[in-house]
file structure-v6.cif (mmCIF, C-alpha atoms and all ligand atoms; chains and numbers go by the auth columns)
data_query
loop_
_atom_site.group_PDB
_atom_site.id
_atom_site.type_symbol
_atom_site.label_atom_id
_atom_site.label_comp_id
_atom_site.label_asym_id
_atom_site.label_seq_id
_atom_site.Cartn_x
_atom_site.Cartn_y
_atom_site.Cartn_z
_atom_site.B_iso_or_equiv
_atom_site.auth_seq_id
_atom_site.auth_asym_id
ATOM 1 C CA MET A 1 52.340 63.429 23.641 0.00 1 A
ATOM 2 C CA LEU A 2 54.973 61.220 25.253 0.00 2 A
ATOM 3 C CA GLU A 3 56.083 62.299 28.708 0.00 3 A
ATOM 4 C CA LEU A 4 59.883 62.368 28.679 0.00 4 A
ATOM 5 C CA ARG A 5 60.725 61.407 32.267 0.00 5 A
ATOM 6 C CA PRO A 6 64.125 62.575 33.489 0.00 6 A
ATOM 7 C CA ASN A 7 65.456 59.464 35.208 0.00 7 A
ATOM 8 C CA CYS A 8 65.489 55.692 35.491 0.00 8 A
ATOM 9 C CA GLU A 9 62.707 54.801 37.913 0.00 9 A
ATOM 10 C CA LEU A 10 64.863 52.054 39.424 0.00 10 A
ATOM 11 C CA CYS A 11 68.508 53.227 39.668 0.00 11 A
ATOM 12 C CA ASP A 12 67.789 56.961 39.252 0.00 12 A
ATOM 13 C CA LYS A 13 70.271 57.379 36.384 0.00 13 A
ATOM 14 C CA ASP A 14 69.704 60.618 34.483 0.00 14 A
ATOM 15 C CA LEU A 15 67.930 59.986 31.175 0.00 15 A
ATOM 16 C CA PRO A 16 67.830 63.315 29.345 0.00 16 A
ATOM 17 C CA PRO A 17 65.703 63.578 26.189 0.00 17 A
ATOM 18 C CA GLU A 18 68.672 62.668 23.968 0.00 18 A
ATOM 19 C CA ALA A 19 69.652 59.566 26.001 0.00 19 A
ATOM 20 C CA ALA A 20 70.180 56.542 23.775 0.00 20 A
ATOM 21 C CA ASP A 21 69.686 54.132 26.687 0.00 21 A
ATOM 22 C CA ALA A 22 66.191 55.191 27.786 0.00 22 A
ATOM 23 C CA ARG A 23 63.521 52.484 27.576 0.00 23 A
ATOM 24 C CA ILE A 24 59.767 52.923 28.058 0.00 24 A
ATOM 25 C CA CYS A 25 56.722 50.702 28.460 0.00 25 A
ATOM 26 C CA SER A 26 53.375 51.541 26.880 0.00 26 A
ATOM 27 C CA TYR A 27 52.477 53.598 29.961 0.00 27 A
ATOM 28 C CA GLU A 28 55.704 55.589 29.674 0.00 28 A
ATOM 29 C CA CYS A 29 57.329 53.979 32.698 0.00 29 A
ATOM 30 C CA THR A 30 60.991 54.780 32.069 0.00 30 A
ATOM 31 C CA TYR A 31 64.146 52.798 32.841 0.00 31 A
ATOM 32 C CA CYS A 32 67.725 52.615 31.648 0.00 32 A
ATOM 33 C CA THR A 33 68.871 49.771 29.416 0.00 33 A
ATOM 34 C CA ALA A 34 71.048 48.268 32.139 0.00 34 A
ATOM 35 C CA CYS A 35 68.091 47.918 34.520 0.00 35 A
ATOM 36 C CA VAL A 36 65.802 46.596 31.768 0.00 36 A
ATOM 37 C CA GLU A 37 68.316 43.943 30.704 0.00 37 A
ATOM 38 C CA GLN A 38 69.947 42.928 33.985 0.00 38 A
ATOM 39 C CA ILE A 39 67.209 43.404 36.597 0.00 39 A
ATOM 40 C CA LEU A 40 63.826 43.666 34.900 0.00 40 A
ATOM 41 C CA PHE A 41 64.394 41.179 32.052 0.00 41 A
ATOM 42 C CA ASN A 42 62.071 43.233 29.881 0.00 42 A
ATOM 43 C CA VAL A 43 59.219 43.154 32.427 0.00 43 A
ATOM 44 C CA CYS A 44 57.823 46.505 33.553 0.00 44 A
ATOM 45 C CA PRO A 45 57.604 46.455 37.376 0.00 45 A
ATOM 46 C CA THR A 46 54.311 48.322 37.209 0.00 46 A
ATOM 47 C CA CYS A 47 52.280 46.987 34.261 0.00 47 A
ATOM 48 C CA GLY A 48 54.170 43.811 33.337 0.00 48 A
ATOM 49 C CA GLY A 49 54.619 44.902 29.719 0.00 49 A
ATOM 50 C CA GLY A 50 57.820 44.933 27.676 0.00 50 A
ATOM 51 C CA PHE A 51 60.009 47.884 26.811 0.00 51 A
ATOM 52 C CA ALA A 52 60.990 49.740 23.654 0.00 52 A
ATOM 53 C CA PRO A 53 63.660 52.374 23.034 0.00 53 A
ATOM 54 C CA ARG A 54 62.317 55.827 23.861 0.00 54 A
ATOM 55 C CA PRO A 55 62.160 57.964 20.740 0.00 55 A
ATOM 56 C CA ILE A 56 64.326 61.056 20.803 0.00 56 A
ATOM 57 C CA ARG A 57 62.377 64.284 20.551 0.00 57 A
ATOM 58 C CA PRO A 58 64.148 66.739 18.270 0.00 58 A
ATOM 59 C CA ARG A 59 65.706 69.821 19.803 0.00 59 A
ATOM 60 C CA ASN A 60 64.597 71.998 16.915 0.00 60 A
ATOM 61 C CA ALA A 61 61.144 72.920 15.651 0.00 61 A
ATOM 62 C CA TRP A 62 61.867 71.815 12.094 0.00 62 A
ATOM 63 C CA ARG A 63 58.428 72.905 10.907 0.00 63 A
ATOM 64 C CA SER A 64 58.146 76.230 12.647 0.00 64 A
ATOM 65 C CA GLU A 65 54.412 76.519 11.969 0.00 65 A
ATOM 66 C CA LEU A 66 53.764 73.365 14.028 0.00 66 A
ATOM 67 C CA ARG A 67 55.716 74.472 17.100 0.00 67 A
ATOM 68 C CA LEU A 68 57.123 71.055 17.940 0.00 68 A
ATOM 69 C CA GLY A 69 60.447 69.938 19.391 0.00 69 A
ATOM 70 C CA LEU A 70 61.900 70.294 22.870 0.00 70 A
ATOM 71 C CA ALA A 71 61.747 74.087 22.797 0.00 71 A
ATOM 72 C CA ASN A 72 57.955 73.881 22.631 0.00 72 A
ATOM 73 C CA HIS A 73 57.409 70.584 24.458 0.00 73 A
ATOM 74 C CA PRO A 74 60.194 70.248 27.024 0.00 74 A
ATOM 75 C CA ALA A 75 61.002 67.065 28.896 0.00 75 A
ATOM 76 C CA SER A 76 59.471 66.506 32.320 0.00 76 A
ATOM 77 C CA ILE A 77 61.585 67.536 35.310 0.00 77 A
ATOM 78 C CA SER A 78 59.614 65.472 37.845 0.00 78 A
ATOM 79 C CA ARG A 79 61.779 62.541 38.857 0.00 79 A
ATOM 80 C CA VAL A 80 59.883 59.285 39.234 0.00 80 A
ATOM 81 C CA HIS A 81 60.789 56.360 41.498 0.00 81 A
ATOM 82 C CA SER A 82 59.190 52.938 41.422 0.00 82 A
ATOM 83 C CA LYS A 83 56.993 52.430 44.456 0.00 83 A
ATOM 84 C CA PHE A 84 57.778 48.715 44.558 0.00 84 A
ATOM 85 C CA SER A 85 60.540 47.209 46.687 0.00 85 A
ATOM 86 C CA PRO A 86 63.426 45.298 45.052 0.00 86 A
ATOM 87 C CA GLU A 87 62.042 42.050 46.522 0.00 87 A
ATOM 88 C CA ASP A 88 58.571 42.735 45.151 0.00 88 A
ATOM 89 C CA ILE A 89 59.986 43.571 41.716 0.00 89 A
ATOM 90 C CA ALA A 90 62.097 40.406 41.677 0.00 90 A
ATOM 91 C CA SER A 91 59.111 38.159 42.372 0.00 91 A
ATOM 92 C CA HIS A 92 56.911 40.024 39.875 0.00 92 A
ATOM 93 C CA VAL A 93 59.590 39.659 37.191 0.00 93 A
ATOM 94 C CA ALA A 94 60.164 35.972 37.987 0.00 94 A
ATOM 95 C CA ARG A 95 56.441 35.301 37.588 0.00 95 A
ATOM 96 C CA ILE A 96 56.177 36.903 34.144 0.00 96 A
ATOM 97 C CA ARG A 97 59.548 36.947 32.366 0.00 97 A
ATOM 98 C CA HIS A 98 59.127 33.547 30.693 0.00 98 A
ATOM 99 C CA LEU A 99 56.288 35.042 28.622 0.00 99 A
ATOM 100 C CA LYS A 100 57.129 37.217 25.624 0.00 100 A
ATOM 101 C CA PRO A 101 55.594 40.705 25.804 0.00 101 A
ATOM 102 C CA ASN A 102 53.069 39.781 23.099 0.00 102 A
ATOM 103 C CA GLU A 103 51.941 36.794 25.181 0.00 103 A
ATOM 104 C CA ARG A 104 51.369 38.733 28.381 0.00 104 A
HETATM 105 ZN ZN ZN B . 68.390 52.094 35.754 0.00 201 A
HETATM 106 ZN ZN ZN B . 54.630 49.746 32.524 0.00 202 A
#

call {"tool": "encode", "arguments": {"input": "structure-v6.cif", "output": "structure tokens", "more": "lines below"}}
Ligand SMILES: [Zn+2]
Ligand SMILES: [Zn+2]
result
Amino acid sequence: MLELRPNCELCDKDLPPEAADARICSYECTYCTACVEQILFNVCPTCGGGFAPRPIRPRNAWRSELRLGLANHPASISRVHSKFSPEDIASHVARIRHLKPNER
């Protein structure tokens, strides 16, 4: 199950489960669209992969027998912050951004 992290790991913007501007890499590293487009250039600071829109988990358990939805699987409340410095991220991004995600 996808871990729904509560914030952008770079600028710390709140990204609640219903946020339309949450982006994730394949390891669930989570950033806001502004950081992905203007700072990261679609390069994850941690794994170097690209980003995709984070799917929105439904609030309701639409199939009650399956016990899904946020009521049964709530979003994480542990805020995450990238451990890399802005300078480190900038050089990492500069090294990789010319490659498309499927070429990395
Ligand atoms: Zn951000
Ligand atoms: Zn990543």

call {"tool": "residues_around", "arguments": {"input": "structure-v6.cif", "residues": "stretch 58-74 of chain A", "least_positions_apart": "5", "cutoff": "9 Å", "atoms": "all atoms listed in the file", "output": "number ranges by chain"}}
result
A: 1, 4, 17-18

call {"tool": "residues_around", "arguments": {"input": "structure-v6.cif", "residues": "A:Pro6", "least_positions_apart": "2", "cutoff": "9 Å", "atoms": "all atoms listed in the file", "output": "ChimeraX atom specification"}}
result
/A:4,8,12-17,30,75-80

call {"tool": "closest_residue", "arguments": {"input": "structure-v6.cif", "among": "A:Glu103, A:Asp21, A:Glu28, A:Glu37", "to": "ligand ZN 202 (chain A)", "atoms": "only C-alpha atoms and all ligand atoms"}}
result
A:Glu28

call {"tool": "resolve_selection", "arguments": {"input": "structure-v6.cif", "expression": "the PyMOL selection byres (((not hetatm)) within 9 of (chain A and resi 202))", "output": "list in words"}}
result
Ile24, Cys25, Ser26, Tyr27, Glu28, Cys29, Thr30, Val43, Cys44, Pro45, Thr46, Cys47, Gly48, Gly49, Gly50 and Phe51 of chain A

call {"tool": "atom_distance", "arguments": {"input": "structure-v6.cif", "atom1": "atom CA of A:Arg54", "atom2": "atom CA of A:Ser85"}}
result
24.5 Å

call {"tool": "closest_residue", "arguments": {"input": "structure-v6.cif", "among": "A:Ala90, A:Leu2, A:Ala20, A:Ala52", "to": "A:Ile39", "atoms": "all atoms listed in the file"}}
result
A:Ala90

call {"tool": "closest_residue", "arguments": {"input": "structure-v6.cif", "among": "A:Arg5, A:Arg57, A:Arg23, A:Lys83", "to": "ligand ZN 201 (chain A)", "atoms": "all atoms listed in the file"}}
result
A:Arg23

call {"tool": "residues_near_ligand", "arguments": {"input": "structure-v6.cif", "ligand": "ligand ZN 201 (chain A)", "cutoff": "8 Å", "atoms": "only C-alpha atoms and all ligand atoms", "output": "list of chain:residue names"}}
result
A:Asn7, A:Cys8, A:Glu9, A:Leu10, A:Cys11, A:Asp12, A:Lys13, A:Tyr31, A:Cys32, A:Thr33, A:Ala34, A:Cys35, A:Val36

call {"tool": "atom_distance", "arguments": {"input": "structure-v6.cif", "atom1": "atom CA of A:Asp88", "atom2": "atom CA of A:Pro55"}}
result
29.0 Å

call {"tool": "atom_distance", "arguments": {"input": "structure-v6.cif", "atom1": "atom CA of A:Ala22", "atom2": "atom CA of A:Glu87"}}
result
23.3 Å
